[in-house]
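Asks: File follows, data-v8.cif with mmCIF, C-alpha atoms:
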```cif
data_start
#
loop_
_atom_site.label_atom_id
_atom_site.label_comp_id
_atom_site.auth_asym_id
_atom_site.auth_seq_id
_atom_site.Cartn_x
_atom_site.Cartn_y
_atom_site.Cartn_z
CA MET D 2 38.84 -68.06 49.92
CA VAL D 3 37.27 -67.15 46.55
CA GLN D 4 39.93 -69.16 44.75
CA ARG D 5 39.23 -72.21 46.92
CA VAL D 6 35.49 -72.00 46.18
CA GLN D 7 36.15 -71.69 42.45
CA ARG D 8 38.47 -74.70 42.49
CA ALA D 9 36.10 -76.72 44.63
CA SER D 10 33.22 -76.14 42.23
CA SER D 11 34.93 -78.44 39.74
CA VAL D 12 35.16 -81.31 42.24
CA ARG D 13 32.40 -83.83 42.81
CA PRO D 14 29.71 -82.23 45.03
CA ASP D 15 28.92 -85.57 46.72
CA ARG D 16 32.42 -85.57 48.21
CA ARG D 17 31.92 -82.08 49.56
CA GLN D 18 28.67 -83.17 51.17
CA ALA D 19 30.27 -86.35 52.51
CA ILE D 20 32.93 -84.29 54.29
CA LEU D 21 30.32 -82.00 55.84
CA LEU D 22 28.21 -84.93 57.04
CA ALA D 23 31.24 -86.75 58.41
CA ALA D 24 32.37 -83.69 60.35
CA GLU D 25 28.86 -83.12 61.66
CA LYS D 26 28.60 -86.70 62.89
CA LEU D 27 32.04 -86.85 64.52
CA PHE D 28 31.76 -83.41 66.15
CA ALA D 29 28.36 -84.42 67.55
CA GLN D 30 29.61 -87.73 68.89
CA HIS D 31 33.02 -86.74 70.25
CA GLY D 32 33.19 -82.95 70.43
CA TYR D 33 34.95 -80.44 68.20
CA HIS D 34 38.35 -80.55 69.90
CA ALA D 35 38.51 -84.36 70.06
CA VAL D 36 38.14 -84.81 66.29
CA THR D 37 40.97 -84.50 63.78
CA ILE D 38 40.84 -83.64 60.11
CA ARG D 39 42.24 -87.10 59.34
CA GLN D 40 39.34 -88.74 61.20
CA ILE D 41 36.89 -86.65 59.20
CA ALA D 42 38.57 -87.65 55.94
CA ASP D 43 38.47 -91.32 56.93
CA GLU D 44 34.79 -91.10 57.91
CA ALA D 45 33.98 -89.41 54.59
CA SER D 46 36.18 -91.84 52.62
CA VAL D 47 38.04 -89.01 50.90
CA PRO D 48 41.75 -88.09 50.68
CA LEU D 49 42.96 -86.04 53.64
CA ALA D 50 43.94 -83.08 51.46
CA LEU D 51 40.42 -82.79 50.07
CA VAL D 52 39.01 -81.62 53.42
CA GLY D 53 41.20 -78.54 53.38
CA TYR D 54 40.70 -78.17 49.63
CA TYR D 55 36.98 -77.72 50.21
CA TYR D 56 36.73 -76.08 53.63
CA GLY D 57 40.12 -74.87 54.79
CA PRO D 58 40.99 -75.11 58.52
CA LYS D 59 38.91 -77.17 60.93
CA HIS D 60 37.18 -74.14 62.47
CA GLU D 61 35.92 -73.13 59.01
CA LEU D 62 34.50 -76.60 58.49
CA PHE D 63 32.76 -76.33 61.87
CA HIS D 64 31.26 -73.01 60.82
CA ALA D 65 30.18 -74.45 57.45
CA ILE D 66 27.97 -77.00 59.22
CA PHE D 67 25.91 -74.24 60.82
CA GLU D 68 25.77 -72.29 57.58
CA HIS D 69 24.40 -75.41 55.90
CA TRP D 70 21.62 -75.66 58.49
CA SER D 71 20.93 -71.91 58.79
CA HIS D 72 17.57 -72.35 57.07
CA THR D 73 16.28 -74.17 60.16
CA ILE D 74 16.78 -71.00 62.21
CA GLU D 75 14.70 -69.03 59.73
CA GLU D 76 12.01 -71.70 59.96
CA ARG D 77 11.91 -71.26 63.75
CA LEU D 78 11.69 -67.50 63.36
CA ALA D 79 8.87 -67.91 60.85
CA GLY D 80 7.04 -70.11 63.36
CA LEU D 81 7.46 -67.42 66.00
CA ARG D 82 6.17 -64.71 63.67
CA ALA D 83 3.07 -66.82 63.04
CA VAL D 84 2.16 -66.68 66.75
CA HIS D 85 -0.39 -64.00 67.59
CA ASN D 86 1.32 -62.57 70.66
CA ASP D 87 -1.56 -61.53 72.88
CA PRO D 88 -0.49 -61.36 76.54
CA HIS D 89 -4.12 -61.76 77.61
CA ASP D 90 -4.53 -65.06 75.75
CA PRO D 91 -3.48 -67.99 78.01
CA GLN D 92 -2.43 -69.96 74.91
CA THR D 93 0.13 -67.38 73.79
CA LEU D 94 2.95 -68.60 76.01
CA PRO D 95 2.48 -72.31 75.09
CA ARG D 96 2.47 -71.35 71.40
CA ILE D 97 5.74 -69.44 71.75
CA VAL D 98 7.37 -72.33 73.58
CA GLU D 99 6.05 -74.83 71.04
CA ALA D 100 7.47 -72.72 68.19
CA PHE D 101 10.78 -72.74 70.04
CA THR D 102 10.99 -76.46 70.83
CA GLY D 103 8.94 -78.22 68.15
CA PRO D 104 11.21 -77.79 65.09
CA VAL D 105 14.29 -78.80 67.09
CA LEU D 106 12.67 -81.98 68.40
CA ALA D 107 11.54 -82.86 64.88
CA LEU D 108 15.07 -82.28 63.61
CA ARG D 109 16.56 -84.48 66.34
CA ALA D 110 14.12 -87.28 65.46
CA SER D 111 14.90 -87.14 61.72
CA ALA D 112 17.60 -89.20 60.06
CA GLU D 113 19.09 -86.18 58.27
CA GLY D 114 19.02 -83.79 61.24
CA GLU D 115 19.89 -86.10 64.12
CA TYR D 116 23.59 -85.31 64.32
CA TYR D 117 23.14 -81.59 63.75
CA ALA D 118 20.65 -81.29 66.62
CA LEU D 119 22.99 -83.29 68.84
CA LEU D 120 25.91 -81.10 67.77
CA VAL D 121 23.99 -77.96 68.74
CA ALA D 122 23.05 -79.44 72.10
CA ARG D 123 26.59 -80.58 72.81
CA GLU D 124 28.93 -77.93 71.46
CA LEU D 125 27.03 -74.72 72.15
CA TYR D 126 27.14 -75.45 75.88
CA HIS D 127 30.90 -74.87 75.83
CA ALA D 128 32.37 -71.38 75.88
CA THR D 129 34.93 -72.03 73.15
CA GLU D 130 35.96 -69.53 70.50
CA GLU D 131 34.38 -71.66 67.77
CA ALA D 132 31.09 -72.03 69.64
CA ASP D 133 30.93 -68.33 70.50
CA ARG D 134 31.39 -67.41 66.85
CA VAL D 135 28.48 -69.64 65.86
CA LEU D 136 26.31 -68.40 68.72
CA ARG D 137 26.84 -64.77 67.79
CA GLY D 138 26.39 -65.30 64.08
CA TYR D 139 23.44 -67.68 64.01
CA PHE D 140 21.78 -68.19 67.37
CA ASP D 141 21.90 -64.78 69.06
CA PRO D 142 19.43 -63.25 66.56
CA LEU D 143 17.11 -66.19 67.22
CA ALA D 144 17.48 -65.73 70.97
CA GLU D 145 16.80 -61.99 70.73
CA ALA D 146 13.58 -62.64 68.82
CA TYR D 147 12.31 -65.18 71.36
CA ILE D 148 13.28 -62.96 74.30
CA ASP D 149 11.33 -60.11 72.70
CA ALA D 150 8.35 -62.43 72.27
CA LEU D 151 8.51 -63.59 75.90
CA HIS D 152 8.75 -59.99 77.04
CA ILE D 153 5.56 -59.15 75.14
CA ALA D 154 3.77 -62.26 76.42
CA LEU D 155 4.89 -61.50 79.99
CA PRO D 156 4.59 -57.69 80.07
CA HIS D 157 4.89 -57.52 83.86
CA ALA D 158 8.45 -58.89 83.62
CA THR D 159 11.54 -56.89 82.71
CA ARG D 160 13.43 -57.75 79.55
CA GLY D 161 16.25 -58.98 81.74
CA GLN D 162 13.87 -61.43 83.38
CA ALA D 163 12.62 -62.50 79.94
CA ALA D 164 16.25 -63.17 78.98
CA TRP D 165 16.67 -65.42 82.04
CA ALA D 166 13.44 -67.17 81.12
CA TYR D 167 14.78 -67.85 77.63
CA GLN D 168 18.03 -69.26 79.00
CA PHE D 169 16.19 -71.57 81.42
CA ALA D 170 13.94 -72.79 78.59
CA LEU D 171 16.96 -73.31 76.35
CA GLY D 172 18.75 -75.31 79.04
CA THR D 173 15.74 -77.60 79.40
CA LEU D 174 15.53 -78.16 75.65
CA LEU D 175 19.27 -78.80 75.18
CA HIS D 176 19.37 -81.25 78.07
CA HIS D 177 16.46 -83.18 76.58
CA LEU D 178 18.25 -83.36 73.22
CA ASN D 179 21.56 -84.51 74.66
CA ASP D 180 20.61 -86.71 77.60
CA ASN D 181 20.61 -90.51 77.46
CA ARG D 182 20.56 -91.12 81.22
CA ILE D 183 16.76 -91.05 81.13
CA GLU D 184 16.75 -94.56 79.67
CA ARG D 185 18.55 -95.91 82.72
CA LEU D 186 16.64 -93.82 85.26
CA SER D 187 13.28 -94.82 83.79
CA ARG D 188 14.41 -98.49 83.77
CA GLY D 189 13.95 -98.68 80.03
CA GLU D 190 10.50 -97.11 79.96
CA ASN D 191 11.70 -93.90 78.27
CA ARG D 192 13.99 -93.38 75.30
CA ARG D 193 16.30 -90.44 74.86
CA SER D 194 15.12 -87.32 73.06
CA ASP D 195 11.72 -88.94 72.48
CA PRO D 196 9.66 -86.53 70.31
CA ALA D 197 6.46 -87.98 71.78
CA VAL D 198 7.23 -86.18 75.03
CA ALA D 199 7.04 -82.78 73.29
CA PRO D 200 3.71 -81.72 74.89
CA MET D 201 5.10 -82.55 78.34
CA LEU D 202 8.25 -80.56 77.59
CA VAL D 203 6.18 -77.55 76.50
CA ASN D 204 3.98 -77.78 79.61
CA PHE D 205 7.05 -78.08 81.84
CA ILE D 206 8.67 -74.97 80.36
CA VAL D 207 5.44 -72.97 80.36
CA GLY D 208 4.71 -73.98 83.95
CA GLY D 209 8.21 -72.96 84.97
CA LEU D 210 7.93 -69.58 83.27
CA ARG D 211 4.58 -68.85 84.87
CA ALA D 212 5.83 -69.89 88.30
CA ALA D 213 9.04 -67.88 88.00
CA LEU D 214 7.34 -64.79 86.59
CA PRO D 215 3.81 -64.79 88.01
CA ARG D 216 1.42 -62.09 86.96
CA PRO D 217 0.81 -59.57 89.72
CA LYS D 218 -2.52 -59.99 91.42
CA ALA D 219 -5.06 -57.38 90.49
CA SER D 220 -5.21 -54.76 93.17
CA GLN D 221 -8.38 -55.15 95.11
CA LYS D 222 -10.33 -52.02 95.80
CA ASN D 223 -11.15 -51.48 99.42
CA PRO D 224 -14.91 -51.25 99.88
CA THR D 225 -16.05 -47.84 100.90
CA SER D 226 -16.66 -47.92 104.59
CA ARG D 227 -20.04 -46.88 105.62
CA ARG D 228 -20.32 -44.35 108.31
CA GLN D 229 -22.50 -45.28 111.20
CA LYS D 230 -25.57 -43.20 111.37
CA THR D 231 -26.03 -41.55 114.71
#
```
Just give me the structure of the file as structure tokens.
Replies:
Amino acid sequence: MVQRVQRASSVRPDRRQAILLAAEKLFAQHGYHAVTIRQIADEASVPLALVGYYYGPKHELFHAIFEHWSHTIEERLAGLRAVHNDPHDPQTLPRIVEAFTGPVLALRASAEGEYYALLVARELYHATEEADRVLRGYFDPLAEAYIDALHIALPHATRGQAAWAYQFALGTLLHHLNDNRIERLSRGENRRSDPAVAPMLVNFIVGGLRAALPRPKASQKNPTSRRQKT
């Protein structure tokens, strides 16, 4: 591995980047298992051997894409840390959800991050060995942090319930990123993964969390009964 990195350092870096971008695009469009190394080489306009020369087997190239974008996970964690997590503040939960969804929607809407966001939405749904490796290495720490935050914001819930809440929120976000049926169902009024719908997405998730995990009603004190005077 070290030898390959040393050799690759002498090759044009734009070719290395072209391979990574080509793999990202094709994996996002067609799925990891449907794409061959030859197709990636053709998309990147490089010799077939150069893909392995830079990245090794296909699963290592898949992993390299997420390593390349790992800074976006830290940005989401930084956004979460910036939230003052006060369970008594009604704006705490919306702020947590916005920190969770906002950067991803912005990435999906950007020219440079479009295929990566789509790749995350598409591939991490599938319980493959490659996806599980990426989930454990990159996304599980992110999930743990957001589950902890939800547990603090919803102190009446168990951590297990907070974990379900995170998964439901994640499913909503990933479906929004990956879905294009909305264009047909809205008769052309909506466009897929529209970032303008972000406030509605946040409100939908927050409303769902509050409905699924309602705060217990404050126990009402029974008024002291007065004894009848005789």
Asks: Could you tell me which residues the PyMOL selection byres ((chain D and resi 213-218) around 9) returns for this structure, as a PDB file with C-alpha atoms, in the frame of the given file?
Replies:
```pdb
ATOM      1  CA  LEU D 155       4.890 -61.500  79.990  1.00  0.00           C
ATOM      2  CA  PRO D 156       4.590 -57.690  80.070  1.00  0.00           C
ATOM      3  CA  HIS D 157       4.890 -57.520  83.860  1.00  0.00           C
ATOM      4  CA  ALA D 158       8.450 -58.890  83.620  1.00  0.00           C
ATOM      5  CA  GLN D 162      13.870 -61.430  83.380  1.00  0.00           C
ATOM      6  CA  ALA D 163      12.620 -62.500  79.940  1.00  0.00           C
ATOM      7  CA  ALA D 166      13.440 -67.170  81.120  1.00  0.00           C
ATOM      8  CA  GLY D 208       4.710 -73.980  83.950  1.00  0.00           C
ATOM      9  CA  GLY D 209       8.210 -72.960  84.970  1.00  0.00           C
ATOM     10  CA  LEU D 210       7.930 -69.580  83.270  1.00  0.00           C
ATOM     11  CA  ARG D 211       4.580 -68.850  84.870  1.00  0.00           C
ATOM     12  CA  ALA D 212       5.830 -69.890  88.300  1.00  0.00           C
ATOM     13  CA  ALA D 219      -5.060 -57.380  90.490  1.00  0.00           C
ATOM     14  CA  SER D 220      -5.210 -54.760  93.170  1.00  0.00           C
ATOM     15  CA  GLN D 221      -8.380 -55.150  95.110  1.00  0.00           C
TER      16      GLN D 221
END
```
Asks: Would you please work out which residue, of D:Arg188, D:His152, D:His176, D:Arg182, is nearest to D:Asp87 when using all atoms listed in the file?
Replies: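 Closest residue, counting all atoms listed in the file: D:His152.
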Asks: Evaluated on this file, the PyMOL selection byres ((chain D and resi 98) around 9) picks out some residues - which ones are they, written as a PyMOL selection string?
Replies: chain D and resi 93-97+99-103+147+170+203-204+206-207
Asks: Let me make sure I understand: among D:Ile183, D:Gly161, D:Gly189, D:Ala154, which one has the smallest atom-to-atom distance to D:His85 if we use only C-alpha atoms?
Replies: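 Of all the options, D:Ala154 lies closest to D:His85.
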Asks: Do a neighbour search on D:Glu131 at 10 Å with all atoms listed in the file, toss out local chain neighbours closer than 5 positions, and write the hits as a list in words.
Replies: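 Residues meeting the cut-off are Tyr33, His34, Lys59, His60, Glu61, Phe63, His64, Glu124, Leu125 and Leu136 of chain D.
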Asks: Which residues would end up in the selection if the PyMOL selection byres ((chain D and resi 24) around 10) were applied here, given that I need the answer as a VMD selection string?
Replies: chain D and resid 18 to 23 25 to 30 33 36 to 38 40 to 42 44 to 45 52 59 62 to 63 65 to 66 116
Asks: Kindly indicate which residue among D:Gly138, D:Thr173, D:Leu178, D:Ala144 lies nearest to D:Ser71, using only C-alpha atoms for the distances.
Replies: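 Using only C-alpha atoms, the shortest distance to D:Ser71 belongs to D:Gly138.
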Asks: Write out as a PyMOL selection string the residues lying within 10 Å of D:Trp70, counting all atoms listed in the file and excluding same-chain residues fewer than 4 positions away.
Replies: chain D and resi 65-66+74-75+114+117-118+139
Asks: Atom CA of D:Asp149 and atom CA of D:Gln168, how far apart in Å?
Replies: 13.0 Å
Asks: Measuring atom to atom with all atoms listed in the file, identify which of D:Ala128, D:Leu106, D:Ala112, D:Ala164 is nearest to D:His177.
Replies: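 The shortest atom-to-atom distance to D:His177 comes from D:Leu106.
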Asks: With only C-alpha atoms as the atoms that count, which of D:Tyr126, D:Arg82, D:Leu175, D:Arg16 lies nearest to D:Tyr54?
Replies: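 Between D:Tyr126, D:Arg82, D:Leu175, D:Arg16, the residue approaching D:Tyr54 most closely is D:Arg16.
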Asks: Point out the residue among D:Ala146, D:Ala132, D:Leu120, D:Leu186 with the least atom-to-atom distance to D:Leu108, counting all atoms listed in the file.
Replies: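 Of D:Ala146, D:Ala132, D:Leu120, D:Leu186, the one nearest D:Leu108 is D:Leu120, counting all atoms listed in the file.
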Asks: Between atom CA of D:Ala50 and atom CA of D:Thr129, what is the distance in Å, rounded to a tenth?
Replies: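 About the pair atom CA of D:Ala50 and atom CA of D:Thr129: they are 26.0 Å apart.
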Asks: Could you pull stretch 33-81 of chain D out of the block above and save it with N, CA and C atoms, as a tab-separated table (two decimals), in the first residue's frame?
Replies:
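Okay, this is what ended up in decode_18.tsv:
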```tsv
chain	number	residue	atom	x	y	z
D	33	TYR	N	-22.78	0.49	-6.80
D	33	TYR	CA	-21.40	-0.02	-6.70
D	33	TYR	C	-21.21	-1.30	-7.51
D	34	HIS	N	-22.10	-2.27	-7.34
D	34	HIS	CA	-21.90	-3.58	-7.96
D	34	HIS	C	-22.14	-3.57	-9.48
D	35	ALA	N	-22.83	-2.57	-9.98
D	35	ALA	CA	-23.13	-2.53	-11.41
D	35	ALA	C	-22.03	-1.87	-12.23
D	36	VAL	N	-21.03	-1.31	-11.56
D	36	VAL	CA	-19.99	-0.54	-12.24
D	36	VAL	C	-18.68	-1.34	-12.26
D	37	THR	N	-18.02	-1.34	-13.39
D	37	THR	CA	-16.74	-2.04	-13.52
D	37	THR	C	-15.59	-1.03	-13.50
D	38	ILE	N	-14.42	-1.55	-13.23
D	38	ILE	CA	-13.21	-0.72	-13.26
D	38	ILE	C	-12.99	-0.15	-14.66
D	39	ARG	N	-13.27	-0.95	-15.68
D	39	ARG	CA	-13.12	-0.47	-17.06
D	39	ARG	C	-14.03	0.74	-17.32
D	40	GLN	N	-15.27	0.67	-16.84
D	40	GLN	CA	-16.19	1.79	-17.03
D	40	GLN	C	-15.67	3.05	-16.34
D	41	ILE	N	-15.10	2.86	-15.16
D	41	ILE	CA	-14.53	4.01	-14.44
D	41	ILE	C	-13.36	4.61	-15.22
D	42	ALA	N	-12.50	3.75	-15.74
D	42	ALA	CA	-11.37	4.23	-16.53
D	42	ALA	C	-11.84	4.98	-17.77
D	43	ASP	N	-12.86	4.45	-18.44
D	43	ASP	CA	-13.38	5.12	-19.63
D	43	ASP	C	-13.98	6.48	-19.28
D	44	GLU	N	-14.74	6.52	-18.17
D	44	GLU	CA	-15.35	7.78	-17.75
D	44	GLU	C	-14.29	8.82	-17.40
D	45	ALA	N	-13.19	8.36	-16.80
D	45	ALA	CA	-12.11	9.27	-16.40
D	45	ALA	C	-11.13	9.55	-17.52
D	46	SER	N	-11.27	8.83	-18.65
D	46	SER	CA	-10.37	8.98	-19.79
D	46	SER	C	-8.92	8.69	-19.40
D	47	VAL	N	-8.74	7.59	-18.69
D	47	VAL	CA	-7.39	7.17	-18.29
D	47	VAL	C	-7.21	5.70	-18.68
D	48	PRO	N	-5.99	5.21	-18.79
D	48	PRO	CA	-5.76	3.79	-19.05
D	48	PRO	C	-6.33	2.94	-17.91
D	49	LEU	N	-6.82	1.78	-18.25
D	49	LEU	CA	-7.43	0.88	-17.27
D	49	LEU	C	-6.49	0.59	-16.10
D	50	ALA	N	-5.24	0.33	-16.40
D	50	ALA	CA	-4.28	-0.04	-15.35
D	50	ALA	C	-4.06	1.07	-14.33
D	51	LEU	N	-4.32	2.31	-14.74
D	51	LEU	CA	-4.04	3.43	-13.84
D	51	LEU	C	-5.00	3.46	-12.65
D	52	VAL	N	-6.20	2.91	-12.81
D	52	VAL	CA	-7.16	2.89	-11.70
D	52	VAL	C	-6.59	2.06	-10.55
D	53	GLY	N	-6.13	0.86	-10.87
D	53	GLY	CA	-5.51	0.02	-9.85
D	53	GLY	C	-4.20	0.58	-9.35
D	54	TYR	N	-3.47	1.25	-10.24
D	54	TYR	CA	-2.18	1.85	-9.88
D	54	TYR	C	-2.36	2.88	-8.77
D	55	TYR	N	-3.44	3.64	-8.85
D	55	TYR	CA	-3.74	4.65	-7.84
D	55	TYR	C	-4.43	4.07	-6.62
D	56	TYR	N	-5.48	3.26	-6.84
D	56	TYR	CA	-6.40	2.93	-5.75
D	56	TYR	C	-6.48	1.46	-5.40
D	57	GLY	N	-5.92	0.59	-6.20
D	57	GLY	CA	-6.03	-0.83	-5.90
D	57	GLY	C	-7.38	-1.39	-6.30
D	58	PRO	N	-7.91	-2.38	-5.56
D	58	PRO	CA	-9.19	-3.00	-5.91
D	58	PRO	C	-10.35	-2.01	-5.85
D	59	LYS	N	-11.47	-2.42	-6.42
D	59	LYS	CA	-12.62	-1.53	-6.52
D	59	LYS	C	-13.14	-1.10	-5.14
D	60	HIS	N	-13.12	-2.03	-4.18
D	60	HIS	CA	-13.65	-1.67	-2.86
D	60	HIS	C	-12.79	-0.60	-2.18
D	61	GLU	N	-11.49	-0.57	-2.50
D	61	GLU	CA	-10.63	0.47	-1.95
D	61	GLU	C	-10.93	1.82	-2.60
D	62	LEU	N	-11.25	1.81	-3.86
D	62	LEU	CA	-11.65	3.04	-4.54
D	62	LEU	C	-12.95	3.58	-3.96
D	63	PHE	N	-13.89	2.68	-3.70
D	63	PHE	CA	-15.15	3.06	-3.07
D	63	PHE	C	-14.89	3.73	-1.72
D	64	HIS	N	-14.02	3.14	-0.93
D	64	HIS	CA	-13.69	3.68	0.37
D	64	HIS	C	-12.99	5.03	0.24
D	65	ALA	N	-12.16	5.19	-0.78
D	65	ALA	CA	-11.42	6.43	-0.97
D	65	ALA	C	-12.34	7.62	-1.23
D	66	ILE	N	-13.50	7.36	-1.83
D	66	ILE	CA	-14.46	8.44	-2.07
D	66	ILE	C	-14.93	9.03	-0.75
D	67	PHE	N	-15.23	8.17	0.21
D	67	PHE	CA	-15.73	8.65	1.50
D	67	PHE	C	-14.61	9.28	2.33
D	68	GLU	N	-13.40	8.79	2.16
D	68	GLU	CA	-12.27	9.43	2.82
D	68	GLU	C	-12.08	10.84	2.27
D	69	HIS	N	-12.25	11.00	0.98
D	69	HIS	CA	-12.12	12.31	0.34
D	69	HIS	C	-13.12	13.31	0.89
D	70	TRP	N	-14.33	12.84	1.20
D	70	TRP	CA	-15.40	13.72	1.67
D	70	TRP	C	-15.55	13.70	3.19
D	71	SER	N	-14.61	13.10	3.91
D	71	SER	CA	-14.77	12.95	5.36
D	71	SER	C	-14.87	14.29	6.08
D	72	HIS	N	-14.31	15.35	5.47
D	72	HIS	CA	-14.39	16.66	6.11
D	72	HIS	C	-15.84	17.14	6.25
D	73	THR	N	-16.74	16.67	5.39
D	73	THR	CA	-18.14	17.11	5.49
D	73	THR	C	-18.80	16.53	6.74
D	74	ILE	N	-18.34	15.38	7.19
D	74	ILE	CA	-18.87	14.81	8.43
D	74	ILE	C	-18.43	15.65	9.61
D	75	GLU	N	-17.18	16.07	9.61
D	75	GLU	CA	-16.70	16.94	10.68
D	75	GLU	C	-17.44	18.26	10.69
D	76	GLU	N	-17.79	18.77	9.52
D	76	GLU	CA	-18.55	20.02	9.45
D	76	GLU	C	-19.94	19.84	10.08
D	77	ARG	N	-20.55	18.68	9.85
D	77	ARG	CA	-21.86	18.42	10.45
D	77	ARG	C	-21.75	18.26	11.97
D	78	LEU	N	-20.68	17.66	12.42
D	78	LEU	CA	-20.46	17.53	13.86
D	78	LEU	C	-20.20	18.90	14.50
D	79	ALA	N	-19.46	19.75	13.78
D	79	ALA	CA	-19.20	21.10	14.29
D	79	ALA	C	-20.51	21.88	14.39
D	80	GLY	N	-21.40	21.70	13.40
D	80	GLY	CA	-22.70	22.36	13.46
D	80	GLY	C	-23.52	21.88	14.64
D	81	LEU	N	-23.42	20.60	14.94
D	81	LEU	CA	-24.14	20.05	16.10
D	81	LEU	C	-23.58	20.60	17.40
```
